[in-house]
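final13.tsv (TSV, C-alpha atoms)
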```
chain	number	residue	atom	x	y	z
A	1	MET	CA	67.33	84.06	146.33
A	2	LYS	CA	69.40	83.34	149.41
A	3	ASN	CA	72.08	81.65	147.26
A	4	ALA	CA	72.50	84.59	144.88
A	5	LYS	CA	75.02	86.39	147.06
A	6	SER	CA	77.15	83.27	147.39
A	7	ILE	CA	77.25	82.29	143.73
A	8	LEU	CA	78.03	85.70	142.22
A	9	PRO	CA	81.42	86.33	143.88
A	10	VAL	CA	82.51	82.77	143.06
A	11	LEU	CA	81.54	83.13	139.41
A	12	PHE	CA	83.24	86.51	139.10
A	13	VAL	CA	86.48	85.18	140.60
A	14	LEU	CA	86.55	81.93	138.64
A	15	LEU	CA	85.57	83.41	135.32
A	16	GLY	CA	87.36	86.73	135.45
A	17	VAL	CA	84.51	88.74	134.03
A	18	SER	CA	85.87	91.42	131.73
A	19	LEU	CA	83.99	94.72	131.56
A	20	SER	CA	84.43	97.06	128.63
A	21	CYS	CA	85.59	100.46	129.85
A	22	SER	CA	83.75	102.04	126.92
A	23	LEU	CA	80.46	101.19	128.60
A	24	ILE	CA	81.31	102.31	132.13
A	25	LYS	CA	80.20	105.91	131.83
A	26	SER	CA	77.60	108.08	133.54
A	27	ARG	CA	74.25	108.22	131.75
A	28	VAL	CA	73.48	111.78	130.79
A	29	SER	CA	72.78	112.72	127.17
A	30	GLU	CA	71.95	111.53	123.66
A	31	THR	CA	74.14	111.24	120.60
A	32	THR	CA	73.76	113.80	117.84
A	33	SER	CA	75.93	112.00	115.29
A	34	GLY	CA	74.82	110.78	111.90
A	35	LYS	CA	74.64	107.16	110.86
A	36	PRO	CA	76.67	104.71	113.00
A	37	THR	CA	79.87	103.28	111.56
A	38	ALA	CA	78.85	99.79	112.69
A	39	ASP	CA	75.62	97.90	112.05
A	40	PHE	CA	74.25	97.51	115.56
A	41	VAL	CA	70.62	97.04	114.54
A	42	SER	CA	70.76	93.68	112.78
A	43	ALA	CA	72.08	90.42	114.17
A	44	GLY	CA	75.72	89.54	113.65
A	45	LYS	CA	76.63	88.05	110.33
A	46	GLY	CA	77.58	84.43	110.00
A	47	LEU	CA	80.42	82.69	108.24
A	48	ASP	CA	81.73	83.44	104.80
A	49	VAL	CA	81.81	80.14	102.91
A	50	LYS	CA	83.18	78.94	99.57
A	51	VAL	CA	80.43	77.86	97.19
A	52	GLN	CA	81.09	75.74	94.10
A	53	LEU	CA	78.29	75.60	91.51
A	54	ASP	CA	77.43	72.90	88.97
A	55	LYS	CA	76.77	75.05	85.90
A	56	LYS	CA	75.49	72.00	83.98
A	57	GLN	CA	72.54	71.76	86.38
A	58	SER	CA	70.66	74.97	85.81
A	59	ALA	CA	67.16	76.20	84.93
A	60	THR	CA	65.97	79.63	83.75
A	61	GLY	CA	62.48	81.09	83.58
A	62	LYS	CA	60.80	84.45	83.18
A	63	VAL	CA	58.49	85.67	85.94
A	64	SER	CA	56.11	88.60	85.45
A	65	PRO	CA	54.44	90.92	87.97
A	66	ARG	CA	51.53	88.47	87.88
A	67	GLY	CA	53.77	85.87	89.55
A	68	GLY	CA	55.06	82.49	88.43
A	69	THR	CA	57.35	79.55	89.19
A	70	VAL	CA	60.81	78.31	88.26
A	71	SER	CA	61.79	74.68	88.89
A	72	LEU	CA	64.95	72.59	88.77
A	73	THR	CA	65.56	68.86	89.18
A	74	ALA	CA	69.21	68.12	89.98
A	75	ALA	CA	71.15	65.13	88.66
A	76	ASP	CA	70.74	63.25	91.95
A	77	GLY	CA	66.95	63.70	91.87
A	78	SER	CA	66.71	66.61	94.33
A	79	ARG	CA	63.96	69.05	93.41
A	80	PHE	CA	63.75	72.82	93.78
A	81	MET	CA	60.76	75.05	93.09
A	82	LEU	CA	60.61	78.82	93.45
A	83	GLU	CA	57.10	80.29	93.79
A	84	VAL	CA	56.72	84.02	93.19
A	85	PRO	CA	53.34	85.50	94.20
A	86	PRO	CA	51.58	88.32	92.33
A	87	ASN	CA	52.92	91.87	92.82
A	88	ALA	CA	56.32	90.65	94.04
A	89	LEU	CA	58.09	92.07	90.98
A	90	GLU	CA	57.63	95.38	89.22
A	91	ALA	CA	58.68	94.05	85.80
A	92	GLU	CA	59.19	90.76	84.01
A	93	THR	CA	62.46	89.26	85.26
A	94	GLU	CA	64.57	86.31	84.11
A	95	ILE	CA	65.40	84.08	87.07
A	96	THR	CA	68.07	81.37	87.10
A	97	MET	CA	68.50	78.48	89.52
A	98	THR	CA	71.85	76.65	89.57
A	99	ALA	CA	72.61	73.57	91.66
A	100	VAL	CA	75.34	73.87	94.31
A	101	LYS	CA	78.04	71.22	94.04
A	102	SER	CA	79.72	71.87	97.40
A	103	ILE	CA	80.04	74.39	100.24
A	104	GLU	CA	83.34	74.65	102.11
A	105	GLY	CA	83.59	76.19	105.56
A	106	ALA	CA	79.97	75.72	106.63
A	107	PRO	CA	78.99	73.83	109.82
A	108	LEU	CA	77.54	70.94	107.83
A	109	GLY	CA	78.21	67.21	107.72
A	110	LYS	CA	80.56	65.82	105.11
A	111	ASN	CA	77.62	64.95	102.88
A	112	THR	CA	76.94	67.34	100.00
A	113	PRO	CA	74.20	69.82	100.93
A	114	THR	CA	71.11	70.16	98.77
A	115	ALA	CA	71.22	73.79	97.69
A	116	VAL	CA	70.77	76.21	94.81
A	117	GLN	CA	72.14	79.58	93.79
A	118	LEU	CA	69.38	82.04	92.82
A	119	GLU	CA	70.09	84.82	90.36
A	120	PRO	CA	70.18	87.67	89.64
A	121	SER	CA	71.98	88.08	92.95
A	122	GLY	CA	70.44	90.75	95.18
A	123	LEU	CA	67.07	90.73	93.37
A	124	PHE	CA	64.52	92.21	95.79
A	125	PHE	CA	60.86	91.13	96.04
A	126	LYS	CA	58.03	93.29	97.36
A	127	GLU	CA	56.28	90.12	98.55
A	128	VAL	CA	57.74	87.02	100.22
A	129	VAL	CA	58.64	84.26	97.76
A	130	THR	CA	58.96	80.58	98.67
A	131	LEU	CA	61.72	78.17	97.73
A	132	THR	CA	60.71	74.52	98.25
A	133	ILE	CA	63.51	71.94	98.49
A	134	ILE	CA	62.94	68.19	98.35
A	135	PRO	CA	66.30	66.38	98.79
A	136	ALA	CA	66.78	63.15	96.88
A	137	LYS	CA	67.99	61.54	100.10
A	138	GLU	CA	65.87	62.31	103.14
A	139	ILE	CA	67.57	64.21	105.96
A	140	PRO	CA	66.17	63.49	109.45
A	141	ILE	CA	64.36	66.54	110.81
A	142	LYS	CA	66.53	66.65	113.94
A	143	GLU	CA	69.66	66.90	111.78
A	144	GLN	CA	68.36	69.44	109.26
A	145	ILE	CA	70.20	72.74	108.99
A	146	ILE	CA	68.33	75.04	106.62
A	147	PHE	CA	70.56	77.89	105.54
A	148	GLY	CA	71.10	80.81	103.23
A	149	TYR	CA	74.01	82.95	102.09
A	150	GLU	CA	74.61	86.15	100.15
A	151	GLY	CA	76.48	86.74	96.91
A	152	GLU	CA	78.96	83.97	96.24
A	153	GLY	CA	79.12	82.72	99.82
A	154	LYS	CA	78.97	85.73	102.14
A	155	ASP	CA	77.07	85.69	105.45
A	156	TYR	CA	76.16	82.01	105.79
A	157	HIS	CA	73.17	81.95	108.18
A	158	LEU	CA	70.05	80.09	109.25
A	159	ALA	CA	67.22	80.70	106.79
A	160	MET	CA	63.67	81.84	107.54
A	161	ILE	CA	61.35	78.88	106.96
A	162	ASP	CA	57.67	77.93	107.04
A	163	PRO	CA	57.43	76.24	110.48
A	164	LYS	CA	54.18	74.43	109.62
A	165	SER	CA	55.47	72.68	106.50
A	166	LYS	CA	56.90	69.17	106.56
A	167	ASP	CA	58.75	69.98	103.35
A	168	VAL	CA	61.62	72.46	103.47
A	169	LYS	CA	60.07	75.78	102.48
A	170	ILE	CA	62.39	78.77	102.70
A	171	ARG	CA	60.93	82.27	102.74
A	172	LEU	CA	62.89	84.87	100.80
A	173	THR	CA	62.63	88.56	100.04
A	174	GLU	CA	66.02	88.81	98.31
A	175	PHE	CA	68.22	86.47	96.29
A	176	SER	CA	71.29	84.64	96.54
A	177	GLY	CA	71.66	81.04	97.75
A	178	ALA	CA	69.76	78.65	100.01
A	179	GLY	CA	69.68	74.98	100.90
A	180	VAL	CA	69.43	72.24	103.48
A	181	GLY	CA	72.04	69.89	104.91
A	182	SER	CA	72.84	68.00	108.07
A	183	GLY	CA	75.30	69.04	110.75
A	184	THR	CA	76.71	68.07	114.11
A	185	ASP	CA	75.87	69.90	117.32
A	186	VAL	CA	79.45	71.01	117.92
A	187	ALA	CA	79.77	72.42	114.41
A	188	TRP	CA	76.61	74.46	114.69
A	189	ALA	CA	77.57	75.62	118.18
A	190	ALA	CA	80.69	77.18	116.68
A	191	ASN	CA	78.58	79.03	114.12
A	192	LEU	CA	76.18	80.34	116.77
A	193	SER	CA	79.08	81.52	118.91
A	194	LEU	CA	80.57	83.31	115.91
A	195	GLN	CA	77.31	85.14	115.24
A	196	ALA	CA	76.98	86.10	118.91
A	197	SER	CA	80.57	87.35	119.10
A	198	THR	CA	80.17	89.42	115.92
A	199	THR	CA	77.01	91.10	117.19
A	200	PHE	CA	78.60	91.74	120.60
A	201	THR	CA	81.56	93.46	118.91
A	202	GLN	CA	79.16	95.68	116.94
A	203	LEU	CA	77.26	96.63	120.09
A	204	GLN	CA	80.47	97.43	121.96
A	205	HIS	CA	81.65	99.56	119.07
A	206	ARG	CA	78.41	101.54	119.03
A	207	ALA	CA	78.53	101.97	122.82
A	208	GLY	CA	82.09	103.27	122.51
A	209	ILE	CA	80.99	105.84	119.92
A	210	ILE	CA	78.13	107.30	121.93
A	211	THR	CA	80.04	107.33	125.24
A	212	ALA	CA	82.99	109.10	123.58
A	213	GLN	CA	80.58	111.69	122.18
A	214	GLU	CA	79.00	112.09	125.60
A	215	ARG	CA	82.40	112.58	127.23
A	216	MET	CA	83.18	115.34	124.75
A	217	ARG	CA	79.90	117.11	125.45
A	218	GLN	CA	80.44	116.83	129.19
A	219	LEU	CA	83.93	118.33	128.94
A	220	LEU	CA	82.52	121.19	126.85
A	221	GLY	CA	79.84	121.83	129.46
A	222	ASP	CA	76.90	120.62	127.36
A	223	GLU	CA	74.38	118.93	129.71
A	224	SER	CA	71.59	118.48	127.14
A	225	GLY	CA	70.05	115.25	125.90
A	226	ALA	CA	70.28	113.02	128.99
A	227	ASP	CA	67.08	111.11	128.25
A	228	GLY	CA	67.99	110.39	124.63
A	229	TRP	CA	71.44	109.08	125.49
A	230	ALA	CA	70.02	106.82	128.19
A	231	LYS	CA	67.42	105.43	125.79
A	232	GLU	CA	70.05	104.55	123.19
A	233	MET	CA	72.14	102.74	125.79
A	234	GLU	CA	69.06	100.86	126.93
A	235	ALA	CA	68.38	99.88	123.30
A	236	LEU	CA	71.89	98.42	123.07
A	237	PHE	CA	71.21	96.25	126.11
A	238	GLU	CA	67.96	95.06	124.53
A	239	LYS	CA	69.86	94.06	121.39
A	240	PHE	CA	72.29	92.11	123.57
A	241	TYR	CA	69.49	90.14	125.21
A	242	GLU	CA	67.74	89.57	121.87
A	243	GLN	CA	70.66	88.75	119.58
A	244	VAL	CA	73.72	87.80	121.63
A	245	LEU	CA	72.75	85.95	124.79
A	246	PRO	CA	70.21	83.52	123.23
A	247	LYS	CA	72.81	82.38	120.69
A	248	GLU	CA	75.49	81.99	123.34
A	249	MET	CA	73.15	79.90	125.49
A	250	ALA	CA	72.14	77.78	122.51
A	251	ALA	CA	75.81	77.24	121.69
A	252	ALA	CA	76.45	76.15	125.30
A	253	GLU	CA	73.60	73.64	125.14
A	254	LEU	CA	74.99	72.19	121.91
A	255	ASP	CA	78.60	72.20	123.12
A	256	CYS	CA	79.27	72.63	126.85
A	257	ARG	CA	82.63	74.29	126.22
A	258	TYR	CA	80.78	77.52	125.38
A	259	ALA	CA	79.10	77.66	128.82
A	260	LYS	CA	81.90	79.67	130.39
A	261	ARG	CA	81.69	82.42	127.79
A	262	ALA	CA	77.88	82.55	128.05
A	263	ILE	CA	78.16	83.06	131.82
A	264	GLN	CA	80.73	85.81	131.34
A	265	SER	CA	78.48	87.64	128.88
A	266	MET	CA	75.42	87.40	131.12
A	267	LEU	CA	77.20	88.55	134.27
A	268	GLY	CA	79.03	91.27	132.40
A	269	ALA	CA	75.79	92.68	130.97
A	270	GLU	CA	74.06	92.66	134.35
A	271	ARG	CA	77.02	94.37	135.99
A	272	GLN	CA	77.20	97.01	133.29
A	273	LYS	CA	73.51	97.78	133.74
A	274	GLN	CA	74.09	98.28	137.46
A	275	LEU	CA	77.04	100.61	136.83
A	276	LEU	CA	74.93	102.67	134.44
A	277	GLY	CA	72.08	102.90	136.91
A	278	TYR	CA	69.54	100.69	135.13
A	279	GLU	CA	67.13	98.55	137.09
A	280	VAL	CA	68.01	94.84	137.01
A	281	LYS	CA	64.81	93.03	136.06
A	282	ASN	CA	63.83	89.34	136.15
A	283	TRP	CA	66.79	88.40	138.34
A	284	ASP	CA	65.19	85.08	139.32
A	285	GLU	CA	65.11	84.03	135.67
A	286	THR	CA	68.68	85.22	135.13
A	287	TYR	CA	69.86	83.34	138.21
A	288	LYS	CA	68.27	80.10	136.98
A	289	LYS	CA	70.08	80.47	133.65
A	290	LEU	CA	73.36	81.07	135.47
A	291	GLU	CA	72.86	77.98	137.61
A	292	LYS	CA	72.14	75.90	134.52
A	293	LEU	CA	75.16	77.19	132.64
A	294	ALA	CA	77.43	76.77	135.67
A	295	LYS	CA	76.35	73.12	135.97
A	296	VAL	CA	76.90	72.53	132.25
A	297	GLY	CA	80.35	74.11	132.44
A	298	ALA	CA	81.36	72.19	135.59
A	299	GLU	CA	80.62	68.87	133.90
A	300	CYS	CA	82.44	69.79	130.69
A	301	LYS	CA	85.88	68.70	129.58
A	302	LYS	CA	88.60	71.27	129.07
A	303	PRO	CA	88.66	73.04	125.68
A	304	ALA	CA	91.25	72.04	123.13
A	305	ALA	CA	94.33	74.18	122.83
A	306	PHE	CA	95.42	75.40	119.38
A	307	GLN	CA	98.73	76.07	117.68
A	308	ILE	CA	98.03	79.27	115.72
A	309	VAL	CA	100.38	79.80	112.78
A	310	GLY	CA	100.39	82.58	110.17
A	311	GLY	CA	100.25	86.34	109.80
A	312	LEU	CA	100.96	88.91	107.10
A	313	GLU	CA	104.34	89.86	105.61
A	314	ASP	CA	106.77	90.70	108.49
A	315	TRP	CA	104.22	89.72	111.13
A	316	GLN	CA	104.39	85.92	111.53
A	317	THR	CA	103.54	83.84	114.57
A	318	SER	CA	103.46	80.26	115.82
A	319	THR	CA	101.84	80.46	119.24
A	320	LYS	CA	100.07	77.95	121.46
A	321	VAL	CA	96.73	79.24	122.79
A	322	CYS	CA	95.02	77.32	125.57
A	323	ASP	CA	91.50	78.72	125.08
A	324	ILE	CA	90.49	80.79	122.05
A	325	LEU	CA	87.19	81.73	123.70
A	326	GLN	CA	89.12	83.81	126.26
A	327	PRO	CA	91.44	86.78	125.56
A	328	PHE	CA	94.74	85.55	124.08
A	329	THR	CA	98.00	86.98	122.76
A	330	LEU	CA	100.05	85.98	119.70
A	331	THR	CA	103.74	86.86	119.55
A	332	GLY	CA	106.53	86.72	116.99
A	333	GLY	CA	109.35	88.84	115.55
A	334	GLY	CA	109.09	91.34	118.39
A	335	PHE	CA	105.36	91.86	117.81
A	336	SER	CA	102.65	91.32	120.44
A	337	ASN	CA	99.10	90.96	119.14
A	338	LYS	CA	96.30	90.89	121.74
A	339	PHE	CA	92.93	89.38	120.77
A	340	SER	CA	89.66	89.91	122.65
A	341	GLY	CA	88.78	86.19	122.59
A	342	GLY	CA	85.76	84.41	121.11
A	343	MET	CA	84.85	83.32	117.60
A	344	ALA	CA	84.99	86.95	116.47
A	345	GLY	CA	86.22	90.14	118.05
A	346	THR	CA	88.89	92.80	118.02
A	347	TYR	CA	92.69	92.91	118.32
A	348	ASN	CA	95.47	95.44	118.77
A	349	TYR	CA	99.21	95.04	118.34
A	350	THR	CA	102.54	96.71	119.03
A	351	GLY	CA	105.97	95.98	117.59
A	352	PRO	CA	109.39	97.21	116.44
A	353	PHE	CA	109.82	100.77	115.08
A	354	ASP	CA	106.87	101.91	117.17
A	355	ALA	CA	104.54	99.72	115.11
A	356	LYS	CA	100.95	99.74	116.32
A	357	GLY	CA	97.53	98.98	114.95
A	358	SER	CA	94.14	97.42	115.51
A	359	GLY	CA	91.39	95.56	113.71
A	360	THR	CA	88.81	92.79	113.82
A	361	TYR	CA	89.12	89.03	113.42
A	362	THR	CA	86.96	85.98	112.73
A	363	ILE	CA	87.61	82.31	113.55
A	364	SER	CA	86.11	79.50	111.49
A	365	LEU	CA	85.88	76.00	113.00
A	366	PRO	CA	83.45	74.24	110.63
A	367	GLU	CA	83.83	70.82	112.26
A	368	GLY	CA	83.75	71.87	115.91
A	369	LEU	CA	85.70	73.47	118.74
A	370	ASP	CA	88.42	70.81	118.82
A	371	LYS	CA	88.95	70.42	115.06
A	372	PRO	CA	91.25	72.29	112.62
A	373	GLY	CA	90.19	75.75	111.54
A	374	THR	CA	91.27	79.12	110.25
A	375	MET	CA	91.34	82.73	111.42
A	376	THR	CA	91.45	85.96	109.45
A	377	GLY	CA	92.13	89.44	110.77
A	378	THR	CA	91.74	92.78	109.03
A	379	GLY	CA	92.98	96.10	110.34
A	380	ASP	CA	95.08	99.23	110.01
A	381	GLY	CA	98.49	100.07	111.41
A	382	SER	CA	101.40	102.49	111.37
A	383	VAL	CA	105.17	102.64	112.03
A	384	THR	CA	107.76	105.33	112.78
A	385	GLY	CA	108.05	107.89	110.02
A	386	GLY	CA	104.35	108.35	109.42
A	387	TYR	CA	103.96	105.23	107.28
A	388	SER	CA	100.60	103.52	107.52
A	389	GLY	CA	98.63	100.83	105.76
A	390	SER	CA	96.05	98.08	106.05
A	391	GLY	CA	95.87	94.39	105.26
A	392	THR	CA	94.44	90.97	106.05
A	393	GLU	CA	96.23	88.34	108.12
A	394	HIS	CA	95.62	84.62	107.59
A	395	TYR	CA	96.18	81.94	110.23
A	396	THR	CA	95.71	78.19	110.58
A	397	LEU	CA	94.50	76.64	113.84
A	398	THR	CA	95.76	73.14	114.64
A	399	PRO	CA	94.18	71.46	117.70
A	400	LEU	CA	96.43	70.32	120.55
A	401	SER	CA	95.76	68.46	123.79
A	402	PRO	CA	94.02	70.62	126.43
A	403	CYS	CA	96.31	72.66	128.66
A	404	GLY	CA	96.91	71.25	132.15
```
Write-out of the structure in structure tokens:
Amino acid sequence: MKNAKSILPVLFVLLGVSLSCSLIKSRVSETTSGKPTADFVSAGKGLDVKVQLDKKQSATGKVSPRGGTVSLTAADGSRFMLEVPPNALEAETEITMTAVKSIEGAPLGKNTPTAVQLEPSGLFFKEVVTLTIIPAKEIPIKEQIIFGYEGEGKDYHLAMIDPKSKDVKIRLTEFSGAGVGSGTDVAWAANLSLQASTTFTQLQHRAGIITAQERMRQLLGDESGADGWAKEMEALFEKFYEQVLPKEMAAAELDCRYAKRAIQSMLGAERQKQLLGYEVKNWDETYKKLEKLAKVGAECKKPAAFQIVGGLEDWQTSTKVCDILQPFTLTGGGFSNKFSGGMAGTYNYTGPFDAKGSGTYTISLPEGLDKPGTMTGTGDGSVTGGYSGSGTEHYTLTPLSPCG
């Protein structure tokens, strides 16, 4: 541990760790609000993708509460079999399997994934059902990405599988789509970083809610609920270590250009815990992870810069950004739009006629951190005169040579 004191100041200076002011509050009482406005319990959602079905390759079967199977053999010879155990359904249900022709925007190789859409969408099972997929062309195990998505392409994510099966067996409790494909390390790293960034934004939002409520109680002289508030803050930190940090570290191992952001997140979380008075546990393990990430980052090439072009109506920009994983600003037409940095996060803008607003954004780089991509942002704003509104901005990201 004698090197800990020397490495921390260096990392803080070099990386410019950013601490959220919404978390730097005294720990005193619990929240008494209703349901949170952000989902901070589940892991961050993945990409939204565009799914194209082959309606000519479809199979339908009725499954009763006693259980049953539905099978489909696609034109290329790929086979799909859905096994529904007894007591999974309350009534006889017609189930349809339709082959997926293509999926755009997912971190998969250029080959067509082997996947099916399962309907009725959203059908819930009381018992776990199993979807077995046998691709016509074998995909090496090390390259397999087994995925699922909701609806018509929402929330693309890694699927729950049977780890003991050589065949691809996906475990489901609810329908929409699932499949297997192959993908590059850099492409999947981008997806993991997106999921981590989305979850982190949710956790920050929840922390902001409960600290704002605590501030109000303190100003009103209400000192009750200290233990409850502290426990909820501690639960947020646990979610960070369970759902954010592991994905950021995995992304850094797949693509070294994510190492810097993983270090920032780890140091930021530890610092926040100290400020809130929580005991820092397992520092030796944390220090080893920091050393590993610092080494990975030191040996990594500079990230690609991007020319970001697009906007919404009067707000249009064409701005060069050196590193999208760090906070960046887009300008144009007198507007200044500040983004939190990362594959997903928050933004706020100001502009002519006292224009101001805020929202959230998501970046999609399906082929990797130095390949073309897109960004969407959704938020609310207002201008002089009491006019307000909301909308969605669309941007294209074109890779440029790394900044000097």
Distance query stretch 284-297 of chain A at most 7 Å, all atoms listed in the file, self and fewer than 6 positions along chain excluded, as a ChimeraX atom specification: /A:256-257,259-260,263
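Distance annotation: of A:Ile141, A:Met375, A:Met343, A:Leu72, the residue with the minimal separation from A:Thr198 is A:Met343; atom set is only C-alpha atoms.
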9 Å contact set for A:Ser358, only C-alpha atoms, chain neighbours under 3 positions out, as a list in words: Asn337, Thr346, Tyr347, Asn348, Tyr349, Thr378, Gly379, Asp380 and Gly381 of chain A
List the neighbours of A:Ser340 out to 10 Å using all atoms listed in the file; skip same-chain residues closer than 3 positions along the sequence, and give me the result as a count of residues only. 16
If you count all atoms listed in the file, which residues fall within 7 Å of A:Gly373, apart from same-chain ones fewer than 4 positions away, as a PyMOL selection string? chain A and resi 364-366+396-398
Ranking A:Lys247, A:Arg217, A:Lys62, A:Lys371 by minimum distance to A:Ser197 and counting only C-alpha atoms, which one comes first? A:Lys247
Restricting the calculation to all atoms listed in the file: of A:Asn191, A:Thr392, A:Ser382, A:Thr173, which residue gets closest to A:Leu89?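 Comparing A:Asn191, A:Thr392, A:Ser382, A:Thr173 against A:Leu89, the winner is A:Thr173.
Straight-line separation from atom CA of A:Pro85 to atom CA of A:Asp162: 15.5 Å.
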Sel. within 12 Å of pt (80.8, 79.1, 117.5), counting all atoms listed in the file, output as number ranges by chain: A: 46-47, 106-107, 185-198, 244, 247-259, 261-262, 324-325, 341-344, 362-370, 373
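In this structure, atom CA of A:Phe240 sits 25.7 Å away from atom CA of A:Met216.
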Name the closest residue to A:Ser401 among the candidates A:Ser336, A:Gln307, A:Gln213, A:Asn87; distances are taken between atoms, counting only C-alpha atoms.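 Looking at the shortest contact to A:Ser401, the residue is A:Gln307.
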Applying 8 Å and only C-alpha atoms, which residues near A:Ile103 remain after dropping the ones on its own chain fewer than 4 positions away? List them as a list in words.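 That gives Val49, Lys50, Val51, Gln52, Thr112 and Pro113 of chain A.
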Residue subset to file, keeping C-alpha atoms, as a PDB file, keeping the file's coordinate frame:
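Saved the output as out.pdb:
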```
ATOM      1  CA  VAL A  49      81.810  80.140 102.910  1.00  0.00           C
ATOM      2  CA  LYS A  50      83.180  78.940  99.570  1.00  0.00           C
ATOM      3  CA  VAL A  51      80.430  77.860  97.190  1.00  0.00           C
ATOM      4  CA  GLN A  52      81.090  75.740  94.100  1.00  0.00           C
ATOM      5  CA  THR A 112      76.940  67.340 100.000  1.00  0.00           C
ATOM      6  CA  PRO A 113      74.200  69.820 100.930  1.00  0.00           C
TER       7      PRO A 113
END
```
re atom CA of A:Ala207 and atom CA of A:Tyr278: distance 15.3 Å
May I have the residues at most 10 Å from (65.6, 80.9, 106.4) in the file's coordinates, counting all atoms listed in the file, as a ChimeraX atom specification? /A:131,145-149,157-162,168-172,178-180
For A:Cys322, the nearest of the candidates A:Val129, A:Ile134, A:Val383, A:Cys403, counting only C-alpha atoms: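 Looking only at the distances to A:Cys322, the closest residue turns out to be A:Cys403.
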